[in-house]
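Shown next: work_29.cif, given as mmCIF, C-alpha atoms.
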```
data_query
loop_
_atom_site.group_PDB
_atom_site.id
_atom_site.type_symbol
_atom_site.label_atom_id
_atom_site.label_comp_id
_atom_site.auth_asym_id
_atom_site.auth_seq_id
_atom_site.Cartn_x
_atom_site.Cartn_y
_atom_site.Cartn_z
ATOM 1 C CA MET A 2 8.402 -23.195 9.457
ATOM 2 C CA LEU A 3 9.077 -23.562 5.726
ATOM 3 C CA ALA A 4 6.540 -26.380 5.512
ATOM 4 C CA ALA A 5 3.951 -24.195 7.244
ATOM 5 C CA LEU A 6 4.643 -21.277 4.900
ATOM 6 C CA GLY A 7 4.380 -23.660 1.940
ATOM 7 C CA LEU A 8 0.984 -24.822 3.163
ATOM 8 C CA ASN A 9 -0.135 -21.199 3.537
ATOM 9 C CA PHE A 10 1.004 -20.412 0.001
ATOM 10 C CA GLY A 11 -0.811 -23.442 -1.408
ATOM 11 C CA LEU A 12 -3.979 -22.400 0.401
ATOM 12 C CA LEU A 13 -3.671 -18.882 -1.031
ATOM 13 C CA VAL A 14 -3.250 -20.220 -4.570
ATOM 14 C CA ALA A 15 -6.292 -22.474 -4.187
ATOM 15 C CA ILE A 16 -8.463 -19.610 -2.939
ATOM 16 C CA MET A 17 -7.273 -17.311 -5.709
ATOM 17 C CA ILE A 18 -8.148 -19.914 -8.362
ATOM 18 C CA ILE A 19 -11.674 -20.209 -6.958
ATOM 19 C CA LEU A 20 -12.090 -16.425 -6.908
ATOM 20 C CA TRP A 21 -10.688 -16.173 -10.441
ATOM 21 C CA LEU A 22 -13.363 -18.604 -11.637
ATOM 22 C CA ILE A 23 -16.035 -16.532 -9.865
ATOM 23 C CA SER A 24 -14.728 -13.342 -11.493
ATOM 24 C CA ILE A 25 -15.005 -14.992 -14.927
ATOM 25 C CA ARG A 26 -18.598 -15.944 -14.235
ATOM 26 C CA ILE A 27 -19.646 -12.431 -13.140
ATOM 27 C CA ARG A 28 -17.291 -10.622 -15.572
ATOM 28 C CA ASP A 29 -15.790 -8.455 -12.833
ATOM 29 C CA VAL A 30 -12.523 -8.663 -10.864
ATOM 30 C CA SER A 31 -13.184 -5.589 -8.692
ATOM 31 C CA PHE A 32 -13.814 -7.591 -5.520
ATOM 32 C CA ILE A 33 -10.119 -8.502 -5.518
ATOM 33 C CA ASP A 34 -9.451 -5.475 -3.279
ATOM 34 C CA ALA A 35 -11.661 -6.968 -0.574
ATOM 35 C CA PHE A 36 -9.813 -10.269 -0.752
ATOM 36 C CA TRP A 37 -6.468 -8.463 -0.425
ATOM 37 C CA ALA A 38 -7.520 -7.664 3.134
ATOM 38 C CA TYR A 39 -9.384 -10.915 3.825
ATOM 39 C CA GLY A 40 -6.409 -12.858 2.467
ATOM 40 C CA MET A 41 -4.119 -11.398 5.127
ATOM 41 C CA ALA A 42 -6.512 -12.601 7.823
ATOM 42 C CA VAL A 43 -6.603 -16.046 6.187
ATOM 43 C CA MET A 44 -2.782 -16.294 6.112
ATOM 44 C CA ALA A 45 -2.532 -15.264 9.772
ATOM 45 C CA SER A 46 -5.270 -17.726 10.760
ATOM 46 C CA ALA A 47 -3.621 -20.570 8.807
ATOM 47 C CA SER A 48 -0.352 -19.833 10.607
ATOM 48 C CA PHE A 49 -2.087 -19.719 13.981
ATOM 49 C CA MET A 50 -3.758 -23.083 13.371
ATOM 50 C CA GLN A 51 -0.327 -24.626 12.751
ATOM 51 C CA THR A 52 1.093 -23.308 16.046
ATOM 52 C CA GLU A 53 1.074 -25.640 19.053
ATOM 53 C CA ASN A 54 0.233 -24.079 22.419
ATOM 54 C CA PRO A 55 0.261 -20.449 21.171
ATOM 55 C CA GLY A 56 1.097 -17.816 23.758
ATOM 56 C CA SER A 57 0.035 -14.188 24.115
ATOM 57 C CA LEU A 58 2.451 -13.046 21.379
ATOM 58 C CA ALA A 59 0.981 -15.376 18.746
ATOM 59 C CA TYR A 60 -2.554 -14.493 19.848
ATOM 60 C CA THR A 61 -1.805 -10.763 19.581
ATOM 61 C CA ILE A 62 -0.318 -10.959 16.077
ATOM 62 C CA TRP A 63 -3.207 -13.119 14.883
ATOM 63 C CA ALA A 64 -5.853 -10.873 16.479
ATOM 64 C CA LEU A 65 -4.394 -7.649 15.060
ATOM 65 C CA THR A 66 -4.072 -9.100 11.554
ATOM 66 C CA ALA A 67 -7.551 -10.623 11.641
ATOM 67 C CA LEU A 68 -9.090 -7.414 12.969
ATOM 68 C CA TRP A 69 -7.419 -5.331 10.273
ATOM 69 C CA GLY A 70 -8.243 -7.781 7.490
ATOM 70 C CA ILE A 71 -11.862 -8.489 8.374
ATOM 71 C CA ARG A 72 -12.684 -4.838 9.012
ATOM 72 C CA LEU A 73 -11.116 -3.548 5.796
ATOM 73 C CA GLY A 74 -12.206 -6.518 3.696
ATOM 74 C CA THR A 75 -15.832 -6.111 4.748
ATOM 75 C CA HIS A 76 -15.708 -2.372 4.089
ATOM 76 C CA LEU A 77 -14.317 -2.906 0.579
ATOM 77 C CA PHE A 78 -16.671 -5.785 -0.209
ATOM 78 C CA LEU A 79 -19.755 -3.773 0.773
ATOM 79 C CA ARG A 80 -18.493 -0.818 -1.249
ATOM 80 C CA TRP A 81 -18.036 -3.070 -4.278
ATOM 81 C CA ARG A 82 -21.525 -4.501 -3.851
ATOM 82 C CA LYS A 83 -22.940 -0.984 -3.796
ATOM 83 C CA GLU A 84 -20.856 0.699 -6.503
ATOM 84 C CA GLY A 85 -20.224 -2.217 -8.885
ATOM 85 C CA VAL A 86 -17.310 -2.469 -11.304
ATOM 86 C CA ASP A 87 -14.278 -0.423 -10.270
ATOM 87 C CA PRO A 88 -13.258 1.924 -13.149
ATOM 88 C CA ARG A 89 -9.586 1.144 -12.503
ATOM 89 C CA TYR A 90 -10.028 -2.560 -13.149
ATOM 90 C CA LYS A 91 -12.392 -1.900 -16.027
ATOM 91 C CA LYS A 92 -9.619 0.120 -17.669
ATOM 92 C CA ILE A 93 -6.953 -2.510 -16.971
ATOM 93 C CA MET A 94 -9.115 -5.339 -18.293
ATOM 94 C CA GLY A 95 -10.227 -3.345 -21.321
ATOM 95 C CA ARG A 96 -6.642 -2.517 -22.292
ATOM 96 C CA ALA A 97 -5.579 -6.163 -21.964
ATOM 97 C CA MET A 98 -8.457 -7.425 -24.084
ATOM 98 C CA GLU A 99 -8.460 -4.705 -26.745
ATOM 99 C CA LYS A 100 -4.751 -3.989 -27.173
ATOM 100 C CA GLN A 101 -3.249 -7.351 -26.218
ATOM 101 C CA GLY A 102 -6.006 -9.586 -27.555
ATOM 102 C CA MET A 103 -6.556 -11.443 -24.285
ATOM 103 C CA SER A 104 -9.788 -13.168 -23.364
ATOM 104 C CA PHE A 105 -11.506 -11.964 -20.202
ATOM 105 C CA ALA A 106 -10.400 -15.131 -18.393
ATOM 106 C CA LYS A 107 -6.734 -14.694 -19.355
ATOM 107 C CA ALA A 108 -6.745 -10.979 -18.556
ATOM 108 C CA ALA A 109 -8.355 -11.619 -15.166
ATOM 109 C CA LEU A 110 -5.751 -14.251 -14.349
ATOM 110 C CA LEU A 111 -2.638 -12.401 -15.528
ATOM 111 C CA LYS A 112 -3.581 -8.788 -14.789
ATOM 112 C CA ALA A 113 -5.342 -9.319 -11.473
ATOM 113 C CA TRP A 114 -5.358 -12.587 -9.549
ATOM 114 C CA ALA A 115 -1.927 -14.065 -10.360
ATOM 115 C CA MET A 116 -0.189 -10.802 -9.483
ATOM 116 C CA GLN A 117 -1.885 -10.646 -6.100
ATOM 117 C CA ILE A 118 -0.644 -14.041 -4.887
ATOM 118 C CA PRO A 119 3.071 -13.230 -4.289
ATOM 119 C CA LEU A 120 2.379 -9.632 -3.259
ATOM 120 C CA LEU A 121 -0.198 -10.585 -0.630
ATOM 121 C CA PHE A 122 2.004 -13.389 0.676
ATOM 122 C CA ILE A 123 5.063 -11.132 1.003
ATOM 123 C CA VAL A 124 3.242 -8.234 2.659
ATOM 124 C CA CYS A 125 1.750 -10.664 5.168
ATOM 125 C CA LEU A 126 5.087 -12.349 5.983
ATOM 126 C CA PRO A 127 5.638 -10.481 9.282
ATOM 127 C CA ALA A 128 2.342 -11.818 10.633
ATOM 128 C CA GLN A 129 2.914 -15.342 9.326
ATOM 129 C CA LEU A 130 6.498 -15.619 10.580
ATOM 130 C CA GLY A 131 5.716 -13.902 13.858
ATOM 131 C CA ILE A 132 2.941 -16.356 14.669
ATOM 132 C CA LEU A 133 4.861 -19.444 13.543
ATOM 133 C CA LEU A 134 8.006 -18.488 15.491
ATOM 134 C CA ALA A 135 6.260 -17.141 18.593
ATOM 135 C CA GLY A 136 5.089 -20.482 19.944
ATOM 136 C CA ALA A 137 4.189 -20.026 23.604
ATOM 137 C CA ASP A 138 6.150 -16.764 23.999
ATOM 138 C CA SER A 139 4.644 -13.816 25.839
ATOM 139 C CA LEU A 140 4.550 -10.168 24.776
ATOM 140 C CA SER A 141 7.700 -8.099 25.200
ATOM 141 C CA TYR A 142 7.787 -4.319 25.690
ATOM 142 C CA ILE A 143 8.613 -3.868 21.999
ATOM 143 C CA SER A 144 5.650 -6.028 21.056
ATOM 144 C CA VAL A 145 3.338 -3.969 23.243
ATOM 145 C CA ILE A 146 4.538 -0.755 21.551
ATOM 146 C CA GLY A 147 3.955 -2.367 18.162
ATOM 147 C CA ALA A 148 0.457 -3.438 19.168
ATOM 148 C CA VAL A 149 -0.385 0.118 20.233
ATOM 149 C CA ILE A 150 0.826 1.451 16.863
ATOM 150 C CA ALA A 151 -1.197 -1.182 15.001
ATOM 151 C CA VAL A 152 -4.369 -0.397 16.974
ATOM 152 C CA ILE A 153 -3.902 3.325 16.303
ATOM 153 C CA GLY A 154 -3.519 2.535 12.607
ATOM 154 C CA ILE A 155 -6.639 0.373 12.484
ATOM 155 C CA GLY A 156 -8.612 3.030 14.346
ATOM 156 C CA PHE A 157 -7.285 5.821 12.125
ATOM 157 C CA GLU A 158 -8.202 3.913 8.976
ATOM 158 C CA THR A 159 -11.642 2.975 10.293
ATOM 159 C CA ILE A 160 -12.532 6.546 11.258
ATOM 160 C CA GLY A 161 -11.239 7.865 7.924
ATOM 161 C CA ASP A 162 -13.358 5.361 5.989
ATOM 162 C CA MET A 163 -16.438 6.216 8.055
ATOM 163 C CA GLN A 164 -15.969 9.941 7.448
ATOM 164 C CA LEU A 165 -15.540 9.402 3.697
ATOM 165 C CA LYS A 166 -18.593 7.144 3.532
ATOM 166 C CA ALA A 167 -20.735 9.740 5.326
ATOM 167 C CA PHE A 168 -19.388 12.482 3.040
ATOM 168 C CA LYS A 169 -20.255 10.547 -0.115
ATOM 169 C CA ALA A 170 -23.737 9.746 1.202
ATOM 170 C CA ASN A 171 -24.546 13.449 1.588
ATOM 171 C CA PRO A 172 -26.025 14.849 -1.678
ATOM 172 C CA ALA A 173 -24.635 18.274 -0.785
ATOM 173 C CA SER A 174 -21.090 16.853 -1.074
ATOM 174 C CA LYS A 175 -21.343 16.095 -4.797
ATOM 175 C CA GLY A 176 -18.350 17.550 -6.662
ATOM 176 C CA LYS A 177 -16.719 18.731 -3.428
ATOM 177 C CA VAL A 178 -13.567 17.615 -1.623
ATOM 178 C CA LEU A 179 -13.627 16.154 1.877
ATOM 179 C CA ASP A 180 -11.362 18.373 3.982
ATOM 180 C CA SER A 181 -12.743 17.913 7.484
ATOM 181 C CA GLY A 182 -12.148 15.370 10.252
ATOM 182 C CA LEU A 183 -8.995 13.325 9.712
ATOM 183 C CA TRP A 184 -9.021 14.418 6.063
ATOM 184 C CA LYS A 185 -8.088 17.898 7.247
ATOM 185 C CA TYR A 186 -4.682 16.661 8.407
ATOM 186 C CA THR A 187 -3.805 14.117 5.695
ATOM 187 C CA ARG A 188 -5.178 13.516 2.215
ATOM 188 C CA HIS A 189 -5.073 9.774 2.827
ATOM 189 C CA PRO A 190 -5.987 8.811 6.413
ATOM 190 C CA ASN A 191 -6.996 5.325 5.260
ATOM 191 C CA TYR A 192 -3.592 4.707 3.663
ATOM 192 C CA PHE A 193 -1.792 6.152 6.681
ATOM 193 C CA GLY A 194 -3.813 3.769 8.849
ATOM 194 C CA ASP A 195 -2.660 0.822 6.722
ATOM 195 C CA PHE A 196 0.912 2.032 7.068
ATOM 196 C CA CYS A 197 0.704 2.142 10.870
ATOM 197 C CA ALA A 198 -1.152 -1.163 11.134
ATOM 198 C CA TRP A 199 1.445 -3.172 9.221
ATOM 199 C CA TRP A 200 4.530 -1.516 10.672
ATOM 200 C CA GLY A 201 2.932 -2.062 14.078
ATOM 201 C CA ILE A 202 2.343 -5.768 13.347
ATOM 202 C CA TRP A 203 5.941 -6.079 12.178
ATOM 203 C CA LEU A 204 7.170 -4.487 15.405
ATOM 204 C CA VAL A 205 5.016 -6.864 17.483
ATOM 205 C CA ALA A 206 6.711 -9.799 15.742
ATOM 206 C CA ALA A 207 10.214 -8.266 15.639
ATOM 207 C CA PRO A 208 11.478 -9.933 18.859
ATOM 208 C CA MET A 209 11.306 -13.270 16.992
ATOM 209 C CA GLY A 210 14.612 -12.439 15.317
ATOM 210 C CA TRP A 211 16.175 -12.184 11.877
ATOM 211 C CA PRO A 212 13.457 -13.972 9.825
ATOM 212 C CA VAL A 213 10.977 -11.293 10.909
ATOM 213 C CA TRP A 214 13.559 -8.537 10.437
ATOM 214 C CA LEU A 215 14.008 -9.657 6.823
ATOM 215 C CA ALA A 216 10.233 -9.767 6.473
ATOM 216 C CA ALA A 217 10.288 -5.974 6.781
ATOM 217 C CA ILE A 218 10.221 -6.204 2.984
ATOM 218 C CA GLY A 219 6.458 -6.670 3.435
ATOM 219 C CA PRO A 220 5.605 -3.352 5.095
ATOM 220 C CA LEU A 221 8.310 -1.645 3.013
ATOM 221 C CA PHE A 222 6.624 -2.771 -0.192
ATOM 222 C CA LEU A 223 3.218 -1.789 1.191
ATOM 223 C CA SER A 224 4.560 1.664 2.092
ATOM 224 C CA PHE A 225 5.961 2.104 -1.409
ATOM 225 C CA THR A 226 2.664 0.983 -2.932
ATOM 226 C CA LEU A 227 0.596 3.371 -0.819
ATOM 227 C CA MET A 228 2.829 6.428 -1.184
ATOM 228 C CA LYS A 229 4.537 6.092 -4.561
ATOM 229 C CA TRP A 230 2.804 3.532 -6.791
ATOM 230 C CA SER A 231 -0.827 2.423 -7.020
ATOM 231 C CA GLY A 232 -2.144 4.101 -3.891
ATOM 232 C CA ALA A 233 -2.055 7.863 -3.413
ATOM 233 C CA PRO A 234 -0.462 8.847 -6.789
ATOM 234 C CA LEU A 235 -2.996 6.955 -8.925
ATOM 235 C CA LEU A 236 -5.965 8.200 -6.909
ATOM 236 C CA GLU A 237 -4.791 11.809 -6.879
ATOM 237 C CA LYS A 238 -4.175 11.813 -10.612
ATOM 238 C CA SER A 239 -7.842 10.995 -11.163
ATOM 239 C CA LEU A 240 -9.098 13.460 -8.545
ATOM 240 C CA LYS A 241 -7.069 16.364 -9.961
ATOM 241 C CA GLN A 242 -8.608 15.755 -13.378
ATOM 242 C CA ASN A 243 -12.200 15.544 -12.147
ATOM 243 C CA ARG A 244 -12.283 17.982 -9.214
ATOM 244 C CA PRO A 245 -10.664 21.427 -9.650
ATOM 245 C CA ASP A 246 -10.807 22.113 -5.889
ATOM 246 C CA TYR A 247 -8.537 19.153 -5.249
ATOM 247 C CA VAL A 248 -5.465 21.099 -6.382
ATOM 248 C CA LYS A 249 -6.071 23.676 -3.642
ATOM 249 C CA TYR A 250 -6.682 20.829 -1.184
ATOM 250 C CA ILE A 251 -3.262 19.421 -2.082
ATOM 251 C CA GLU A 252 -1.613 22.782 -1.454
ATOM 252 C CA ARG A 253 -2.885 23.039 2.120
ATOM 253 C CA THR A 254 -3.043 19.393 3.249
ATOM 254 C CA SER A 255 -0.285 16.904 4.037
ATOM 255 C CA GLY A 256 0.073 14.166 1.428
ATOM 256 C CA PHE A 257 0.424 11.233 3.826
ATOM 257 C CA PHE A 258 1.579 11.796 7.397
ATOM 258 C CA PRO A 259 -0.938 13.827 9.481
ATOM 259 C CA MET A 260 0.136 17.433 9.859
ATOM 260 C CA PRO A 261 -1.654 20.698 10.693
ATOM 261 C CA PRO A 262 -3.098 22.203 7.471
ATOM 262 C CA LYS A 263 -1.319 25.109 5.826
ATOM 263 C CA LYS A 264 -3.166 28.414 5.901
#
```
Kindly transcribe the structure held in the file into structure tokens.
Amino acid sequence: MLAALGLNFGLLVAIMIILWLISIRIRDVSFIDAFWAYGMAVMASASFMQTENPGSLAYTIWALTALWGIRLGTHLFLRWRKEGVDPRYKKIMGRAMEKQGMSFAKAALLKAWAMQIPLLFIVCLPAQLGILLAGADSLSYISVIGAVIAVIGIGFETIGDMQLKAFKANPASKGKVLDSGLWKYTRHPNYFGDFCAWWGIWLVAAPMGWPVWLAAIGPLFLSFTLMKWSGAPLLEKSLKQNRPDYVKYIERTSGFFPMPPKK
């Protein structure tokens, strides 16, 4: 298992180096968000390919991770292609180059790509370990419950992204806040979907024992990131500054877990 994880990590490093070189050439690291999702699918697929005679449990973990990763990665990649440089990364890169004297190449490596390698690998550990340990095992009742949670999360995130995309495409929505559909019940349906997807995948793999239990550090870190660090807090800080109506939206709408809106 350790050898397989080591091979996965080496593959991730190699891919990141290639993408780093591409980002230098185009002077933009923004597509890193798309690879965050694609990378999870790659790690799950690499684990699956190293499993002899995989059973329904390994197939389920791989399929859920691949579905989540390919769907989200494609969504983020197409958004990047349409919108161009992400202001967040432009700010990060600019600060590193202007205040710390870094070249674009060094800033891209240290402030973007190198940081993503261990974080992506750790968050994806439940899927990797679950697949590698599952072998020919079949689904248990706990795994089925986890799969249902993961599917709900993927569906929730997909619908939320579709609603936001349609809202942004409508000229009448300019300067307004999306507060209908799933966005009526939570300010971050896409983040909540991520939360459910990865805790669901962890639960699918949980019957494989203590290595997977310890790998709960992956979804725990993801949950912290989404709710307390670079997810919701960073996004809301920007929205409150640029859209006055967002403050009222915050007052009546749940911050993360879906709840009926306050009147």
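The spacing separating CA of Tyr90 in chain A from CA of Lys112 in chain A amounts to 9.1 Å.
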Give me the residues within 10 Å of Ala45 in chain A as a short mmCIF file (atom, residue, chain, number, x, y, z; two decimals) with C-alpha atoms, keeping the file's coordinate frame, counting all atoms listed in the file and dropping any in the same chain fewer than 2 places off.
```
data_model
loop_
_atom_site.label_atom_id
_atom_site.label_comp_id
_atom_site.auth_asym_id
_atom_site.auth_seq_id
_atom_site.Cartn_x
_atom_site.Cartn_y
_atom_site.Cartn_z
CA ASN A 9 -0.14 -21.20 3.54
CA GLY A 40 -6.41 -12.86 2.47
CA MET A 41 -4.12 -11.40 5.13
CA ALA A 42 -6.51 -12.60 7.82
CA VAL A 43 -6.60 -16.05 6.19
CA ALA A 47 -3.62 -20.57 8.81
CA SER A 48 -0.35 -19.83 10.61
CA PHE A 49 -2.09 -19.72 13.98
CA MET A 50 -3.76 -23.08 13.37
CA ALA A 59 0.98 -15.38 18.75
CA ILE A 62 -0.32 -10.96 16.08
CA TRP A 63 -3.21 -13.12 14.88
CA ALA A 64 -5.85 -10.87 16.48
CA LEU A 65 -4.39 -7.65 15.06
CA THR A 66 -4.07 -9.10 11.55
CA ALA A 67 -7.55 -10.62 11.64
CA GLY A 70 -8.24 -7.78 7.49
CA CYS A 125 1.75 -10.66 5.17
CA LEU A 126 5.09 -12.35 5.98
CA PRO A 127 5.64 -10.48 9.28
CA ALA A 128 2.34 -11.82 10.63
CA GLN A 129 2.91 -15.34 9.33
CA LEU A 130 6.50 -15.62 10.58
CA GLY A 131 5.72 -13.90 13.86
CA ILE A 132 2.94 -16.36 14.67
CA LEU A 133 4.86 -19.44 13.54
#
```
Each side padded by 5 Å, which centre and which edge lengths in Å (one decimal) define the axis-aligned box around the listed atoms of range 236-244 of chain A? Give them as AutoDock Vina command-line options.
```
--center_x -8.2 --center_y 13.1 --center_z -10.1 --size_x 18.1 --size_y 19.8 --size_z 16.5
```
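Going from CA of Gly147 in chain A over to CA of Gly161 in chain A, you cover 21.0 Å.
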Within 8 Å of Tyr39 in chain A, counting only C-alpha atoms, which residues show up once you throw out same-chain ones fewer than 6 positions away? Write them as a list of chain:residue names, please.
-> A:Gly70, A:Ile71, A:Leu73, A:Gly74
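Taking CA of Ile160 in chain A as the reference point, CA of Leu183 in chain A is found at 7.8 Å.
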Evaluate the PyMOL selection byres ((chain A and resi 261) around 12) and record the selected residues as a ChimeraX atom specification, following the chain and residue labels used in the document.
-> /A:181-188,253-260,262-264
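When you apply the PyMOL selection byres ((chain A and resi 197) around 9) to this structure, what comes back is A:Ile150, A:Ala151, A:Val152, A:Ile153, A:Gly154, A:Ile155, A:Phe157, A:Tyr192, A:Phe193, A:Gly194, A:Asp195, A:Phe196, A:Ala198, A:Trp199, A:Trp200, A:Gly201, A:Ile202.
Of the listed residues A:Thr75, A:Ser239, A:Asn54, A:Thr226, the one whose atoms come nearest to Ala137 in chain A is A:Asn54, with distances taken using all atoms listed in the file.
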Any chance you could resolve the PyMOL selection byres ((chain A and resi 124) around 8) against this file and give the residues as a compact mmCIF listing (two decimals) with C-alpha atoms, keeping the file's coordinate frame?
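Below is the file out06.txt, written as the result:
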```txt
# COMPACT_ATOMS: atom_id res chain seq x y z
CA LEU A 120 2.38 -9.63 -3.26
CA LEU A 121 -0.20 -10.58 -0.63
CA PHE A 122 2.00 -13.39 0.68
CA ILE A 123 5.06 -11.13 1.00
CA CYS A 125 1.75 -10.66 5.17
CA LEU A 126 5.09 -12.35 5.98
CA PRO A 127 5.64 -10.48 9.28
CA ILE A 218 10.22 -6.20 2.98
CA GLY A 219 6.46 -6.67 3.44
CA PRO A 220 5.60 -3.35 5.10
CA PHE A 222 6.62 -2.77 -0.19
CA LEU A 223 3.22 -1.79 1.19
```
Expected residue set, 12 Å radius at (-1.8, -10.9, -14.1), all atoms listed in the file, as a ChimeraX atom specification | /A:17,21,30,90,93-94,97,103,105-120
Since we have the selection now, will you write its residues out, keeping C-alpha atoms, as a PDB file, in the coordinates of the input?
```
ATOM      1  CA  MET A  17      -7.273 -17.311  -5.709  1.00  0.00           C
ATOM      2  CA  TRP A  21     -10.688 -16.173 -10.441  1.00  0.00           C
ATOM      3  CA  VAL A  30     -12.523  -8.663 -10.864  1.00  0.00           C
ATOM      4  CA  TYR A  90     -10.028  -2.560 -13.149  1.00  0.00           C
ATOM      5  CA  ILE A  93      -6.953  -2.510 -16.971  1.00  0.00           C
ATOM      6  CA  MET A  94      -9.115  -5.339 -18.293  1.00  0.00           C
ATOM      7  CA  ALA A  97      -5.579  -6.163 -21.964  1.00  0.00           C
ATOM      8  CA  MET A 103      -6.556 -11.443 -24.285  1.00  0.00           C
ATOM      9  CA  PHE A 105     -11.506 -11.964 -20.202  1.00  0.00           C
ATOM     10  CA  ALA A 106     -10.400 -15.131 -18.393  1.00  0.00           C
ATOM     11  CA  LYS A 107      -6.734 -14.694 -19.355  1.00  0.00           C
ATOM     12  CA  ALA A 108      -6.745 -10.979 -18.556  1.00  0.00           C
ATOM     13  CA  ALA A 109      -8.355 -11.619 -15.166  1.00  0.00           C
ATOM     14  CA  LEU A 110      -5.751 -14.251 -14.349  1.00  0.00           C
ATOM     15  CA  LEU A 111      -2.638 -12.401 -15.528  1.00  0.00           C
ATOM     16  CA  LYS A 112      -3.581  -8.788 -14.789  1.00  0.00           C
ATOM     17  CA  ALA A 113      -5.342  -9.319 -11.473  1.00  0.00           C
ATOM     18  CA  TRP A 114      -5.358 -12.587  -9.549  1.00  0.00           C
ATOM     19  CA  ALA A 115      -1.927 -14.065 -10.360  1.00  0.00           C
ATOM     20  CA  MET A 116      -0.189 -10.802  -9.483  1.00  0.00           C
ATOM     21  CA  GLN A 117      -1.885 -10.646  -6.100  1.00  0.00           C
ATOM     22  CA  ILE A 118      -0.644 -14.041  -4.887  1.00  0.00           C
ATOM     23  CA  PRO A 119       3.071 -13.230  -4.289  1.00  0.00           C
ATOM     24  CA  LEU A 120       2.379  -9.632  -3.259  1.00  0.00           C
TER      25      LEU A 120
END
```
Closest to Ala35 in chain A among A:Trp69, A:Tyr60, A:Tyr250, A:Trp81, using all atoms listed in the file?
-> A:Trp81
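Distances from A:Ile33, A:Val149, A:Glu252, A:Asp180 to Gln164 in chain A were compared using all atoms listed in the file, and the smallest one belongs to A:Asp180.
Distance annotation: of A:Ala207, A:Leu8, A:Met98, A:Met163, the residue with the minimal separation from Tyr142 in chain A is A:Ala207; atom set is all atoms listed in the file.
Each of A:Val14, A:Leu179, A:Ala216, A:Ala38 was compared to Asp162 in chain A using only C-alpha atoms, and A:Leu179 turns out to be the nearest.
In terms of minimum interatomic distance to Leu77 in chain A, A:Asp34 ranks closest within A:Glu158, A:Asp34, A:Asp138, A:Glu237, counting all atoms listed in the file.
Every protein or nucleic acid residue with an atom no more than 7 Å from Tyr247 in chain A, counting all atoms listed in the file and leaving out same-chain residues fewer than 6 positions away, appears here: Val178, Leu240 and Lys241 of chain A.
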